[in-house]
$ cat run_14.txt   # compact mmCIF, C-alpha atoms
# COMPACT_ATOMS: atom_id res chain seq x y z
CA MET M 1 5.06 -9.12 17.57
CA PHE M 2 6.15 -12.32 15.84
CA LYS M 3 2.55 -13.50 15.51
CA LYS M 4 1.49 -10.17 14.03
CA ILE M 5 4.21 -10.36 11.41
CA VAL M 6 3.33 -13.94 10.48
CA ASP M 7 -0.35 -12.96 10.23
CA LEU M 8 0.57 -10.63 7.36
CA PHE M 9 1.15 -13.64 5.16
CA ARG M 10 -1.88 -15.74 6.00
CA PRO M 11 -4.47 -16.19 3.21
CA ILE M 12 -6.79 -13.22 2.89
CA PRO M 13 -10.52 -14.04 3.18
CA PRO M 14 -12.60 -13.44 0.04
CA ARG M 15 -13.92 -9.90 -0.29
CA THR M 16 -16.79 -8.59 -2.38
CA SER M 17 -14.70 -5.82 -3.94
CA PRO M 18 -11.58 -6.25 -6.10
CA ARG M 19 -10.03 -3.25 -4.35
CA ALA M 20 -6.96 -4.31 -2.38
CA LYS M 21 -6.80 -4.73 1.37
CA THR M 22 -4.25 -2.37 2.92
CA VAL M 23 -1.66 -4.15 5.06
CA ILE M 24 0.72 -2.29 7.37
CA ALA M 25 3.90 -4.22 8.14
CA GLN M 26 4.57 -4.54 11.86
CA GLY M 27 8.33 -5.03 11.59
CA ASN M 28 11.15 -3.79 9.41
CA HIS M 29 12.30 -5.46 6.20
CA VAL M 30 14.69 -7.83 7.98
CA GLU M 31 12.16 -8.80 10.67
CA ASN M 32 9.39 -9.41 8.17
CA LEU M 33 11.58 -11.60 5.99
CA ALA M 34 12.72 -13.60 9.02
CA ALA M 35 9.08 -14.16 10.03
CA HIS M 36 7.93 -15.10 6.53
CA PRO M 37 7.28 -18.82 6.07
CA GLU M 38 9.46 -20.62 3.58
CA VAL M 39 7.85 -21.18 0.19
CA THR M 40 8.67 -23.47 -2.69
CA HIS M 41 8.05 -21.78 -6.01
CA ALA M 42 8.89 -23.74 -9.14
CA PRO M 43 8.16 -22.86 -12.78
CA ILE M 44 4.93 -24.41 -14.03
CA SER M 45 6.25 -24.60 -17.60
CA GLN M 46 8.98 -23.40 -19.91
CA GLY M 47 8.27 -20.71 -22.49
CA GLN M 48 8.27 -21.81 -26.11
CA THR M 49 9.81 -18.66 -27.56
CA GLU M 50 13.37 -17.75 -28.49
CA PHE M 51 14.18 -16.80 -24.89
CA ASP M 52 12.89 -20.04 -23.32
CA LEU M 53 11.84 -18.28 -20.11
CA PRO M 54 10.54 -20.22 -17.11
CA VAL M 55 6.83 -19.50 -16.57
CA TRP M 56 5.71 -18.96 -12.96
CA VAL M 57 2.11 -17.80 -13.44
CA ASP M 58 -0.19 -18.55 -16.38
CA HIS M 59 -3.94 -17.84 -16.21
CA PRO M 60 -6.35 -17.33 -19.12
CA ALA M 61 -7.77 -13.87 -19.74
CA ASP M 62 -11.18 -14.92 -18.40
CA ALA M 63 -9.89 -16.56 -15.20
CA ASP M 64 -11.98 -16.08 -12.05
CA HIS M 65 -9.02 -16.68 -9.71
CA VAL M 66 -5.49 -15.39 -10.35
CA ASP M 67 -2.27 -14.81 -8.38
CA THR M 68 -1.18 -11.73 -6.44
CA TYR M 69 2.27 -10.48 -5.38
CA ALA M 70 1.76 -11.63 -1.76
CA GLY M 71 3.74 -14.77 -1.02
CA LEU M 72 5.32 -14.72 -4.49
CA PHE M 73 7.50 -11.58 -4.78
CA TRP M 74 9.93 -9.86 -2.41
CA ASP M 75 11.69 -6.50 -2.86
CA VAL M 76 8.44 -4.81 -3.92
CA GLU M 77 5.47 -3.33 -2.09
CA PRO M 78 2.25 -4.72 -3.58
CA MET M 79 -0.16 -2.10 -4.91
CA GLY M 80 -3.23 -4.23 -5.56
CA GLU M 81 -1.93 -6.19 -8.55
CA TYR M 82 -3.70 -9.27 -9.89
CA LEU M 83 -1.19 -11.35 -11.80
CA TYR M 84 -2.23 -13.33 -14.88
CA TYR M 85 1.14 -14.19 -16.39
CA LEU M 86 4.74 -14.09 -15.22
CA SER M 87 7.92 -15.44 -16.77
CA GLY M 88 11.63 -14.83 -16.25
CA LYS M 89 14.75 -16.23 -14.64
CA PHE M 90 14.28 -14.54 -11.26
CA LEU M 91 16.66 -14.74 -8.33
CA LYS M 92 15.16 -15.97 -5.05
CA ASN M 93 15.76 -14.88 -1.47
CA ASP M 94 16.50 -17.31 1.37
CA LYS M 95 12.77 -17.92 1.97
CA GLY M 96 12.18 -18.95 -1.63
CA LEU M 97 10.39 -15.77 -2.74
CA LEU M 98 11.08 -14.37 -6.19
CA ARG M 99 13.07 -11.14 -6.07
CA PHE M 100 11.26 -8.47 -8.03
CA ARG M 101 12.95 -7.15 -11.18
CA THR M 102 15.95 -9.53 -10.94
CA ALA M 103 15.21 -11.42 -14.17
CA PRO M 104 17.31 -10.27 -17.18
CA ILE M 105 14.17 -10.72 -19.29
CA GLU M 106 10.77 -10.53 -17.58
CA THR M 107 7.22 -10.68 -18.85
CA ARG M 108 4.19 -9.78 -16.73
CA VAL M 109 0.47 -9.39 -17.32
CA GLU M 110 -1.58 -7.85 -14.54
CA ARG M 111 -4.78 -6.05 -13.69
CA ASN M 112 -5.24 -3.32 -11.10
CA PHE M 113 -8.45 -1.88 -9.61
CA GLU M 114 -6.82 0.79 -7.38
CA VAL M 115 -8.11 4.28 -8.18
CA ASP M 116 -4.85 6.11 -7.43
CA VAL M 117 -2.79 3.58 -9.41
CA MET M 118 -5.09 4.03 -12.41
CA GLU M 119 -4.92 7.82 -12.16
CA VAL M 120 -1.12 7.90 -12.11
CA ALA M 121 -0.88 5.34 -14.92
CA SER M 122 -3.33 7.34 -17.02
CA LEU M 123 -1.35 10.55 -16.66
CA ASN M 124 1.95 8.83 -17.43
CA ALA M 125 0.46 6.94 -20.36
CA MET M 126 -0.91 10.11 -21.93
CA ASP M 127 2.37 11.98 -21.57
CA ASP M 128 4.65 9.13 -22.63
CA GLN M 129 2.41 7.97 -25.45
CA PHE M 130 2.31 11.48 -26.90
CA ILE M 131 6.12 11.64 -26.88
CA ALA M 132 6.28 8.15 -28.43
CA THR M 133 3.99 9.14 -31.30
CA GLN M 134 6.26 12.09 -32.14
CA THR M 135 9.33 9.91 -32.70
CA ALA M 136 10.33 9.71 -36.36
CA ALA M 137 11.03 5.98 -36.18
CA ASP M 138 9.16 2.72 -35.79
CA LEU M 139 9.86 -0.85 -34.73
CA SER M 140 11.23 -1.83 -38.13
CA ASP M 141 14.10 0.65 -37.62
CA ILE M 142 15.41 -1.18 -34.54
CA ALA M 143 14.08 -4.74 -34.78
CA ALA M 144 17.40 -6.16 -36.00
CA LEU M 145 19.41 -4.49 -33.21
CA ASP M 146 20.30 -5.79 -29.77
CA VAL M 147 19.35 -3.82 -26.66
CA ALA M 148 22.81 -2.30 -26.12
CA THR M 149 23.21 -1.14 -29.72
CA ALA M 150 19.73 0.36 -29.87
CA ALA M 151 20.09 2.13 -26.52
CA ASN M 152 23.52 3.54 -27.33
CA MET M 153 22.22 4.77 -30.67
CA PHE M 154 18.94 6.37 -29.63
CA VAL M 155 18.97 7.23 -25.91
CA PRO M 156 21.42 10.14 -26.46
CA LYS M 157 18.83 11.61 -28.84
CA ALA M 158 16.29 11.54 -26.01
CA PHE M 159 18.78 13.21 -23.65
CA GLU M 160 19.22 16.02 -26.16
CA LEU M 161 15.48 16.66 -25.93
CA GLY M 162 15.49 16.62 -22.14
CA GLN M 163 13.93 13.17 -21.87
CA ASP M 164 15.31 10.21 -19.92
CA ARG M 165 14.12 7.52 -22.38
CA TRP M 166 13.74 7.15 -26.12
CA MET M 167 10.25 5.95 -27.04
CA ILE M 168 8.32 4.78 -30.05
CA SER M 169 4.62 4.04 -30.32
CA LEU M 170 3.45 0.50 -31.06
CA SER M 171 -0.23 1.45 -31.32
CA GLY M 172 -0.40 4.08 -34.03
CA PRO M 173 -0.77 7.86 -33.72
CA GLY M 174 -3.88 7.92 -31.52
CA ILE M 175 -3.87 8.09 -27.72
CA ASN M 176 -6.90 6.34 -26.28
CA LEU M 177 -6.39 4.46 -23.05
CA HIS M 178 -9.82 2.82 -23.28
CA SER M 179 -8.93 1.12 -26.57
CA GLY M 180 -5.32 0.52 -25.45
CA VAL M 181 -1.91 2.10 -26.02
CA ALA M 182 1.51 0.50 -26.42
CA ARG M 183 5.03 1.83 -26.57
CA LEU M 184 8.66 0.68 -26.54
CA MET M 185 11.09 2.54 -24.30
CA LEU M 186 14.88 2.42 -24.38
CA GLY M 187 16.89 3.79 -21.48
CA LEU M 188 19.98 3.55 -19.33
CA GLY M 189 19.77 2.23 -15.78
CA PRO M 190 22.34 2.11 -12.96
CA ASP M 191 25.94 2.25 -14.21
CA ASP M 192 24.51 3.24 -17.62
CA ALA M 193 23.32 -0.32 -18.21
CA PRO M 194 20.93 -0.36 -21.18
CA PHE M 195 17.37 -1.61 -20.85
CA VAL M 196 14.23 -1.86 -22.92
CA GLU M 197 10.66 -1.89 -21.65
CA ILE M 198 7.67 -2.65 -23.87
CA LEU M 199 4.36 -1.75 -22.31
CA TYR M 200 0.67 -2.11 -23.22
CA GLN M 201 -2.02 -0.43 -21.12
CA ARG M 202 -5.77 -0.45 -21.43
CA GLN M 203 -8.23 1.02 -18.97
CA GLN M 204 -11.54 -0.81 -18.78
CA PRO M 205 -14.09 1.80 -17.65
CA LYS M 206 -16.97 1.19 -15.32
CA GLY M 207 -20.21 0.34 -17.12
CA PRO M 208 -23.47 -1.60 -16.95
CA ASP M 209 -21.66 -4.95 -16.94
CA VAL M 210 -18.43 -3.65 -15.36
CA PRO M 211 -18.99 -2.63 -11.71
CA HIS M 212 -15.34 -1.68 -11.14
CA ALA M 213 -12.95 0.08 -13.53
CA SER M 214 -9.51 -1.48 -13.92
CA LEU M 215 -6.16 -1.07 -15.65
CA ILE M 216 -4.82 -3.96 -17.75
CA SER M 217 -1.03 -3.95 -18.30
CA VAL M 218 1.32 -6.13 -20.34
CA PHE M 219 5.05 -5.71 -19.65
CA VAL M 220 8.23 -6.98 -21.24
CA PHE M 221 11.30 -5.68 -19.41
CA CYS M 222 14.85 -6.57 -20.46
CA THR M 223 18.29 -5.70 -19.10
CA ASP M 224 20.06 -8.34 -21.21
CA ALA M 225 22.19 -6.13 -23.45
CA THR M 226 22.54 -8.88 -26.07
CA ALA M 227 18.80 -9.59 -26.50
CA ASN M 228 17.32 -8.88 -29.91
CA ILE M 229 14.73 -6.09 -30.01
CA GLY M 230 12.60 -7.81 -32.64
CA ALA M 231 12.41 -11.04 -30.64
CA LEU M 232 11.42 -9.12 -27.50
CA ALA M 233 8.71 -7.36 -29.48
CA GLN M 234 7.37 -10.72 -30.68
CA GLU M 235 7.24 -11.95 -27.07
CA PHE M 236 5.31 -8.81 -26.16
CA GLU M 237 2.92 -9.01 -29.08
CA ALA M 238 1.94 -12.59 -28.29
CA LEU M 239 0.97 -11.55 -24.75
CA ARG M 240 -0.80 -8.41 -25.92
CA GLN M 241 -2.95 -10.39 -28.33
CA ARG M 242 -3.78 -12.94 -25.64
CA TYR M 243 -4.82 -10.41 -22.97
CA ARG M 244 -5.78 -7.18 -24.74
CA ASP M 245 -9.54 -7.87 -24.65
CA MET M 246 -9.61 -9.28 -21.14
CA PRO M 247 -13.22 -9.48 -19.90
CA TYR M 248 -14.30 -8.19 -16.51
CA ARG M 249 -14.05 -10.66 -13.65
CA ALA M 250 -14.85 -10.10 -9.96
CA LEU M 251 -11.39 -10.82 -8.54
CA THR M 252 -10.54 -10.68 -4.84
CA GLY M 253 -7.53 -11.10 -2.57
CA ALA M 254 -5.02 -8.43 -3.61
CA ILE M 255 -3.18 -6.41 -0.98
CA ARG M 256 -1.30 -3.13 -0.92
CA MET M 257 1.37 -1.94 1.46

$ encode --input "run_14.txt" --output "structure tokens"
Amino acid sequence: MFKKIVDLFRPIPPRTSPRAKTVIAQGNHVENLAAHPEVTHAPISQGQTEFDLPVWVDHPADADHVDTYAGLFWDVEPMGEYLYYLSGKFLKNDKGLLRFRTAPIETRVERNFEVDVMEVASLNAMDDQFIATQTAADLSDIAALDVATAANMFVPKAFELGQDRWMISLSGPGINLHSGVARLMLGLGPDDAPFVEILYQRQQPKGPDVPHASLISVFVFCTDATANIGALAQEFEALRQRYRDMPYRALTGAIRM
């Protein structure tokens, strides 16, 4: 049993397809963590923006080899993600793994080739982006506000309309996932703690030079109530410009659980 659990975390041999290898955990959460080898993750650089976030992963848009969640994150089940960029002040567990979604401000850029993940993302993007384009506001209306002020001001308006988040579009009135869509979402999490998520999504379809379709995503997620919305948007925009036209690469090594 112990050997089987440890084998989950051995390097995965190269595969010809970017589709993830499915891994079924042999033990429960506690057993798998106990069997996981200790790792030593340290930031590779410090961000140069207002938030000065530690950077854990940083690959160019045309990289042939990038990181995955395996051996890096805990508290999340990988779903075939290829990770190009990651920053944030994450907590770690006792094996040295970063605990998913524990950073007050987090940025992530990833690519996913899983068909079901792309289908769900496409449906959500179409629905959410439509709602975002109907909002009679834009970024300039909230850029000077902090997360708490903006959430307390606008999330109740979303509740009145039967929605759980207040959203604005950052990509104009059109909804075209192949050219890319972006939106800013304000909401309330556990204990009514305010949060903001800024998200860009672009689906690269299969074509003559693209043997596998994929979904490119840029995230900025913030639970720091004092963070300035405009500064978060600038952080997001820099990443979107860097990765929005990401070329196809034949990546391998992702897993899903």

$ closest_residue --input "run_14.txt" --among "M:Val120, M:Ile198, M:Leu251, M:Val66" --to "Glu237 of chain M" --atoms "only C-alpha atoms"
M:Ile198

$ atom_distance --input "run_14.txt" --atom1 "atom CA of Arg19 of chain M" --atom2 "atom CA of Glu114 of chain M"
6.0 Å

$ closest_residue --input "run_14.txt" --among "M:Leu161, M:Ala150, M:Leu188, M:Ala121" --to "Leu215 of chain M" --atoms "all atoms listed in the file"
M:Ala121

$ closest_residue --input "run_14.txt" --among "M:Thr40, M:Asn176, M:Asn112, M:Thr107" --to "Gly71 of chain M" --atoms "only C-alpha atoms"
M:Thr40

$ closest_residue --input "run_14.txt" --among "M:Ala148, M:Ala103, M:Leu123, M:Met167" --to "Ala136 of chain M" --atoms "only C-alpha atoms"
M:Met167

$ residues_around --input "run_14.txt" --residues "Trp74 of chain M" --least-positions-apart "3" --cutoff "7 Å" --atoms "all atoms listed in the file" --output "PDB file with C-alpha atoms, keeping the file's coordinate frame"
ATOM      1  CA  LEU M  97      10.390 -15.770  -2.740  1.00  0.00           C
ATOM      2  CA  LEU M  98      11.080 -14.370  -6.190  1.00  0.00           C
ATOM      3  CA  ARG M  99      13.070 -11.140  -6.070  1.00  0.00           C
ATOM      4  CA  PHE M 100      11.260  -8.470  -8.030  1.00  0.00           C
TER       5      PHE M 100
END

$ atom_distance --input "run_14.txt" --atom1 "atom CA of Pro54 of chain M" --atom2 "atom CA of His36 of chain M"
24.3 Å

$ closest_residue --input "run_14.txt" --among "M:Thr149, M:Thr22, M:Ser122, M:Ser140" --to "Asp224 of chain M" --atoms "all atoms listed in the file"
M:Thr149

$ closest_residue --input "run_14.txt" --among "M:Asp146, M:Asp58, M:Asp75, M:Asp164" --to "Arg108 of chain M" --atoms "all atoms listed in the file"
M:Asp58

$ atom_distance --input "run_14.txt" --atom1 "atom CA of Tyr82 of chain M" --atom2 "atom CA of Leu239 of chain M"
15.7 Å

$ residues_around --input "run_14.txt" --residues "Val23 of chain M" --least-positions-apart "5" --cutoff "7 Å" --atoms "only C-alpha atoms" --output "PyMOL selection string"
chain M and resi 255-257

$ residues_around --input "run_14.txt" --residues "Ala225 of chain M" --least-positions-apart "6" --cutoff "12 Å" --atoms "only C-alpha atoms" --output "PyMOL selection string"
chain M and resi 104-105+145-152+186-189+192-196+232

$ residues_near_point --input "run_14.txt" --point "(-3.1, -13.6, -22.9)" --cutoff "12 Å" --atoms "only C-alpha atoms" --output "number ranges by chain"
M: 57-63, 83-86, 107-110, 216-219, 235-247

$ write_last_selection --input "run_14.txt" --atoms "C-alpha atoms" --output "compact mmCIF listing (two decimals), keeping the file's coordinate frame"
# COMPACT_ATOMS: atom_id res chain seq x y z
CA VAL M 57 2.11 -17.80 -13.44
CA ASP M 58 -0.19 -18.55 -16.38
CA HIS M 59 -3.94 -17.84 -16.21
CA PRO M 60 -6.35 -17.33 -19.12
CA ALA M 61 -7.77 -13.87 -19.74
CA ASP M 62 -11.18 -14.92 -18.40
CA ALA M 63 -9.89 -16.56 -15.20
CA LEU M 83 -1.19 -11.35 -11.80
CA TYR M 84 -2.23 -13.33 -14.88
CA TYR M 85 1.14 -14.19 -16.39
CA LEU M 86 4.74 -14.09 -15.22
CA THR M 107 7.22 -10.68 -18.85
CA ARG M 108 4.19 -9.78 -16.73
CA VAL M 109 0.47 -9.39 -17.32
CA GLU M 110 -1.58 -7.85 -14.54
CA ILE M 216 -4.82 -3.96 -17.75
CA SER M 217 -1.03 -3.95 -18.30
CA VAL M 218 1.32 -6.13 -20.34
CA PHE M 219 5.05 -5.71 -19.65
CA GLU M 235 7.24 -11.95 -27.07
CA PHE M 236 5.31 -8.81 -26.16
CA GLU M 237 2.92 -9.01 -29.08
CA ALA M 238 1.94 -12.59 -28.29
CA LEU M 239 0.97 -11.55 -24.75
CA ARG M 240 -0.80 -8.41 -25.92
CA GLN M 241 -2.95 -10.39 -28.33
CA ARG M 242 -3.78 -12.94 -25.64
CA TYR M 243 -4.82 -10.41 -22.97
CA ARG M 244 -5.78 -7.18 -24.74
CA ASP M 245 -9.54 -7.87 -24.65
CA MET M 246 -9.61 -9.28 -21.14
CA PRO M 247 -13.22 -9.48 -19.90
